[in-house]
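Below is entry_17.cif, which holds mmCIF, C-alpha atoms.
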```
data_data
#
loop_
_atom_site.label_atom_id
_atom_site.label_comp_id
_atom_site.auth_asym_id
_atom_site.auth_seq_id
_atom_site.Cartn_x
_atom_site.Cartn_y
_atom_site.Cartn_z
CA MET A 1 -40.18 -51.26 77.11
CA MET A 2 -36.44 -51.35 77.66
CA MET A 3 -36.93 -49.74 81.06
CA LYS A 4 -39.43 -52.46 82.00
CA ASN A 5 -37.01 -55.18 80.88
CA LYS A 6 -34.30 -53.60 83.00
CA LEU A 7 -36.60 -53.49 86.02
CA LEU A 8 -37.60 -57.12 85.47
CA ASN A 9 -33.95 -58.07 85.14
CA ASN A 10 -33.12 -56.26 88.39
CA CYS A 11 -36.03 -57.97 90.16
CA LEU A 12 -34.79 -61.39 88.97
CA PHE A 13 -31.32 -60.69 90.35
CA GLU A 14 -32.92 -59.47 93.56
CA LEU A 15 -34.71 -62.80 93.83
CA LEU A 16 -31.50 -64.67 93.09
CA GLY A 17 -29.72 -62.77 95.86
CA MET A 18 -32.51 -63.51 98.31
CA THR A 19 -32.53 -67.20 97.34
CA LEU A 20 -28.76 -67.50 97.79
CA PHE A 21 -29.03 -65.81 101.18
CA LEU A 22 -31.82 -68.16 102.28
CA ILE A 23 -29.89 -71.22 101.08
CA GLY A 24 -26.94 -70.00 103.13
CA VAL A 25 -29.11 -69.58 106.24
CA ILE A 26 -30.64 -73.06 105.76
CA LEU A 27 -27.19 -74.60 105.26
CA MET A 28 -26.02 -72.88 108.42
CA LYS A 29 -28.87 -74.45 110.40
CA ASN A 30 -28.03 -77.85 108.99
CA ASN A 31 -24.43 -77.37 110.11
CA ALA A 32 -23.03 -77.83 106.65
CA GLU A 33 -19.45 -76.83 105.85
CA LYS A 34 -18.90 -73.35 107.25
CA TYR A 35 -17.30 -71.82 104.17
CA ILE A 36 -20.22 -72.87 101.95
CA TYR A 37 -22.90 -71.08 103.93
CA GLY A 38 -20.59 -68.12 104.42
CA LEU A 39 -20.14 -67.96 100.66
CA PHE A 40 -23.89 -68.19 99.98
CA ILE A 41 -24.81 -65.60 102.60
CA GLY A 42 -22.10 -63.17 101.47
CA LEU A 43 -22.84 -63.56 97.78
CA GLY A 44 -26.61 -63.45 98.32
CA LEU A 45 -26.50 -60.32 100.46
CA GLY A 46 -24.10 -58.64 98.05
CA ILE A 47 -26.35 -59.26 95.04
CA PHE A 48 -29.45 -58.32 97.06
CA ILE A 49 -28.04 -54.96 98.15
CA ILE A 50 -26.67 -54.02 94.71
CA PHE A 51 -29.94 -54.74 92.90
CA ALA A 52 -32.13 -53.29 95.66
CA ARG A 53 -30.33 -50.00 95.07
CA LYS A 54 -30.82 -50.31 91.32
CA ILE A 55 -34.54 -50.98 91.73
CA GLU A 56 -34.90 -48.12 94.19
CA ALA A 57 -33.07 -45.78 91.81
CA SER A 58 -35.20 -46.76 88.80
CA VAL A 59 -38.43 -46.25 90.78
CA VAL A 60 -37.30 -42.89 92.14
CA TRP A 61 -36.03 -41.76 88.72
CA LYS A 62 -39.33 -42.62 87.08
CA LYS A 63 -41.18 -40.48 89.61
CA TYR A 64 -38.71 -37.61 89.62
CA PRO A 65 -37.01 -37.27 86.20
CA ASP A 66 -35.47 -33.94 87.20
CA ILE A 67 -33.57 -35.68 90.00
CA LYS A 68 -32.34 -38.25 87.48
CA GLN A 69 -31.11 -35.53 85.15
CA HIS A 70 -29.39 -33.71 87.99
CA LEU A 71 -27.73 -36.93 89.16
CA GLU A 72 -26.57 -37.77 85.64
CA ILE A 73 -24.98 -34.33 85.31
CA GLU A 74 -23.24 -34.75 88.67
CA ILE A 75 -21.95 -38.21 87.72
CA ASN A 76 -20.81 -37.30 84.21
CA ASP A 77 -19.40 -33.91 85.16
CA GLU A 78 -15.77 -33.90 83.99
CA ARG A 79 -14.40 -32.26 87.15
CA ASN A 80 -16.24 -34.75 89.34
CA THR A 81 -14.88 -37.58 87.17
CA ILE A 82 -11.31 -36.33 87.64
CA ILE A 83 -11.85 -35.95 91.39
CA ARG A 84 -13.22 -39.51 91.57
CA ASP A 85 -10.31 -40.89 89.53
CA LYS A 86 -7.65 -39.13 91.60
CA ALA A 87 -9.28 -39.99 94.92
CA GLY A 88 -9.74 -43.60 93.77
CA PHE A 89 -6.13 -43.86 92.64
CA LYS A 90 -4.75 -42.59 95.94
CA THR A 91 -7.13 -44.74 97.97
CA ASN A 92 -6.11 -47.77 95.92
CA LEU A 93 -2.44 -47.02 96.46
CA ILE A 94 -2.86 -46.78 100.23
CA MET A 95 -5.07 -49.88 100.34
CA ASN A 96 -2.40 -51.83 98.43
CA TYR A 97 0.18 -51.06 101.08
CA LEU A 98 -2.23 -51.77 103.92
CA LEU A 99 -3.28 -55.09 102.40
CA LEU A 100 0.34 -56.08 101.88
CA VAL A 101 1.34 -55.12 105.43
CA LEU A 102 -1.69 -56.88 106.90
CA THR A 103 -0.99 -60.05 104.91
CA ILE A 104 2.62 -60.17 106.09
CA MET A 105 1.50 -59.44 109.66
CA PHE A 106 -1.09 -62.23 109.54
CA ALA A 107 1.46 -64.64 108.09
CA PHE A 108 3.86 -63.99 110.99
CA MET A 109 1.09 -63.98 113.59
CA GLY A 110 0.22 -67.53 112.65
CA VAL A 111 -3.28 -66.72 111.40
CA SER A 112 -4.93 -69.58 109.49
CA VAL A 113 -3.19 -70.35 106.21
CA TYR A 114 -6.55 -70.03 104.38
CA VAL A 115 -6.94 -66.44 105.52
CA VAL A 116 -3.39 -65.56 104.46
CA LEU A 117 -3.82 -67.31 101.11
CA SER A 118 -7.14 -65.50 100.50
CA MET A 119 -5.39 -62.21 101.09
CA VAL A 120 -2.53 -63.18 98.77
CA ALA A 121 -5.15 -64.13 96.16
CA LEU A 122 -6.66 -60.65 96.56
CA ILE A 123 -3.29 -59.00 95.99
CA ILE A 124 -2.68 -61.14 92.89
CA THR A 125 -6.20 -60.41 91.59
CA GLN A 126 -5.53 -56.71 92.02
CA GLY A 127 -2.33 -56.99 89.97
CA VAL A 128 -4.01 -59.03 87.24
CA LEU A 129 -6.93 -56.59 87.04
CA PHE A 130 -4.50 -53.70 86.78
CA ILE A 131 -2.74 -55.35 83.83
CA ILE A 132 -6.04 -56.18 82.09
CA PHE A 133 -7.46 -52.67 82.47
CA SER A 134 -4.15 -51.03 81.52
CA ASN A 135 -4.06 -53.07 78.30
CA GLN A 136 -7.68 -52.24 77.60
CA TYR A 137 -7.08 -48.50 77.99
CA GLU A 138 -3.79 -48.70 76.02
CA GLN A 139 -5.80 -49.87 73.04
CA LYS A 140 -8.73 -47.56 73.63
CA LEU A 141 -6.91 -44.27 74.19
CA MET B 142 -4.33 -20.89 82.33
CA LYS B 143 -6.32 -17.71 82.77
CA ASN B 144 -9.86 -17.35 81.51
CA ARG B 145 -12.54 -14.76 80.97
CA LEU B 146 -15.44 -17.06 81.68
CA GLU B 147 -16.95 -14.95 84.43
CA GLU B 148 -16.76 -11.88 82.22
CA PHE B 149 -18.51 -13.64 79.33
CA ARG B 150 -21.08 -15.20 81.62
CA LYS B 151 -22.02 -11.85 83.12
CA LEU B 152 -22.04 -10.27 79.67
CA HIS B 153 -24.71 -12.77 78.66
CA GLY B 154 -26.64 -12.24 81.86
CA LEU B 155 -26.27 -15.81 83.09
CA THR B 156 -25.88 -17.10 86.61
CA GLN B 157 -23.44 -19.91 87.37
CA GLU B 158 -26.37 -22.32 87.72
CA GLU B 159 -27.81 -21.33 84.35
CA LEU B 160 -24.47 -21.66 82.61
CA ALA B 161 -23.88 -25.04 84.26
CA GLU B 162 -27.29 -26.21 83.09
CA LYS B 163 -26.61 -25.12 79.50
CA LEU B 164 -23.23 -26.87 79.48
CA LYS B 165 -24.51 -29.93 81.37
CA VAL B 166 -21.86 -29.66 84.06
CA SER B 167 -22.13 -29.05 87.78
CA ARG B 168 -22.26 -25.53 89.23
CA GLN B 169 -19.07 -26.30 91.16
CA THR B 170 -17.25 -26.88 87.87
CA ILE B 171 -18.22 -23.41 86.68
CA GLY B 172 -17.06 -21.96 90.01
CA SER B 173 -13.73 -23.76 89.79
CA LEU B 174 -13.25 -22.68 86.19
CA GLU B 175 -13.93 -19.06 87.04
CA ASN B 176 -11.54 -19.18 89.99
CA GLY B 177 -8.86 -20.69 87.77
CA ARG B 178 -8.57 -23.75 89.99
CA TYR B 179 -9.61 -26.09 87.21
CA ASN B 180 -8.76 -26.17 83.50
CA PRO B 181 -11.47 -27.60 81.26
CA SER B 182 -11.13 -30.44 78.79
CA ILE B 183 -10.86 -29.42 75.16
CA LEU B 184 -14.45 -30.59 74.67
CA LEU B 185 -15.81 -28.38 77.44
CA ALA B 186 -13.69 -25.47 76.22
CA PHE B 187 -15.26 -25.86 72.76
CA LYS B 188 -18.73 -26.06 74.27
CA ILE B 189 -18.16 -22.86 76.23
CA ALA B 190 -16.74 -21.05 73.22
CA ASN B 191 -19.64 -22.22 71.05
CA LEU B 192 -22.17 -21.12 73.62
CA PHE B 193 -20.78 -17.59 73.69
CA GLY B 194 -20.12 -17.56 69.94
CA VAL B 195 -16.41 -16.79 70.23
CA SER B 196 -13.16 -18.68 69.71
CA ILE B 197 -11.55 -20.66 72.54
CA GLU B 198 -8.58 -18.27 72.61
CA GLU B 199 -10.88 -15.38 73.42
CA ILE B 200 -11.98 -17.08 76.62
CA PHE B 201 -8.98 -19.14 77.67
CA ILE B 202 -5.54 -17.60 77.78
CA TYR B 203 -2.58 -19.97 77.75
CA GLU B 204 0.24 -18.69 79.93
CA GLY B 205 2.97 -21.29 79.61
CA GLU B 206 4.14 -24.57 80.99
CA ASN B 207 3.43 -24.56 84.70
CA ASP B 208 -0.15 -23.59 84.05
CA ASN B 209 -1.50 -26.90 84.84
CA ASP B 210 -2.16 -27.69 87.79
CA ASP B 211 -2.74 -28.98 91.00
CA GLU B 212 -2.46 -32.36 89.27
CA LYS B 213 -0.23 -33.85 91.96
#
```

What would the structure in this file look like if it were written as structure tokens?
Amino acid sequence: MMMKNKLLNNCLFELLGMTLFLIGVILMKNNAEKYIYGLFIGLGLGIFIIFARKIEASVVWKKYPDIKQHLEIEINDERNTIIRDKAGFKTNLIMNYLLLVLTIMFAFMGVSVYVVLSMVALIITQGVLFIIFSNQYEQKL
Amino acid sequence: MKNRLEEFRKLHGLTQEELAEKLKVSRQTIGSLENGRYNPSILLAFKIANLFGVSIEEIFIYEGENDNDDEK
């Protein structure tokens, strides 16, 4: 029952993603503001891809429960978790520097102020998320 | 940290795959543990000790401070 609800939920999100994408395409044809259709297409495709993978996984897992069990072991395996955390941490560190360098470069290259501000917003979001998650884990652990 | 995991595993006639399945970890984790490249969490150490019916100290031998690791 719960599994069916989950599948239904995923299908609804899939539909939402597709609808957003289509709205974006229609807006593009009607020459509406560029950023609006870009937003709809990006958001729609993002949601569509995420939930398509979830639906695919739930269908495959239902057919092949042994694959599901194997995958769950691989995901929850403590060594794999540590590897993921360490690799993620280092990747994040490098990406921070790259993003910062790129933002400064763009600012001096005279790239559109909206692009530079979007990148600054990303850097700030990253910092805020780090503080939020750090606080969360401080209390949890 | 040294361990006698391989010795205990062979004593119980288990392959790495079988042991991994019983402990619900990947086979690579068992391989890394046996090679001494990876030190288990306290939970996994307890699970291993329970499985073989011995104490943790009988399987894992603490050798001092710079035991751990490859962490950097």

Which residues of chain B come within 6 Å of chain A, and for each one, what is the closest pair of atoms and their distance in Å to one decimal, counting all atoms listed in the file, sorted by chain and residue number, as CSV?
```
residue,atom,partner,partner_atom,distance
B:Lys165,CA,A:Ile73,CA,5.9
B:Val166,CA,A:Asp77,CA,5.0
B:Ser167,CA,A:Glu74,CA,5.9
```

Practice item. Starting from the displayed file, determine the output of the PyMOL selection byres ((chain B and resi 146) around 10) and express the residue list as a VMD selection string. Key: chain B and resid 143 to 145 147 to 152 171 to 172 174 to 177 189 to 190 193 199 to 201

Point to revise | Spatial neighbours of A:Ala107, 10 Å, all atoms listed in the file, chain gap at least 6 places, as an MDAnalysis selection string | key: chainID A and resid 101 113 115:117

Practice item. Find the spatial neighbours of stretch 89-99 of chain A, counting only C-alpha atoms, within a cut-off of 9 Å - ignore same-chain residues fewer than 5 positions away - and output them as number ranges by chain. Key: A: 84, 104, 119-120, 122-123, 126

**Study point:** Expansion of the PyMOL selection byres ((chain A and resi 25) around 12) into residues, as a ChimeraX atom specification
**Key:** /A:18-24,26-32,34,36-42,44-45
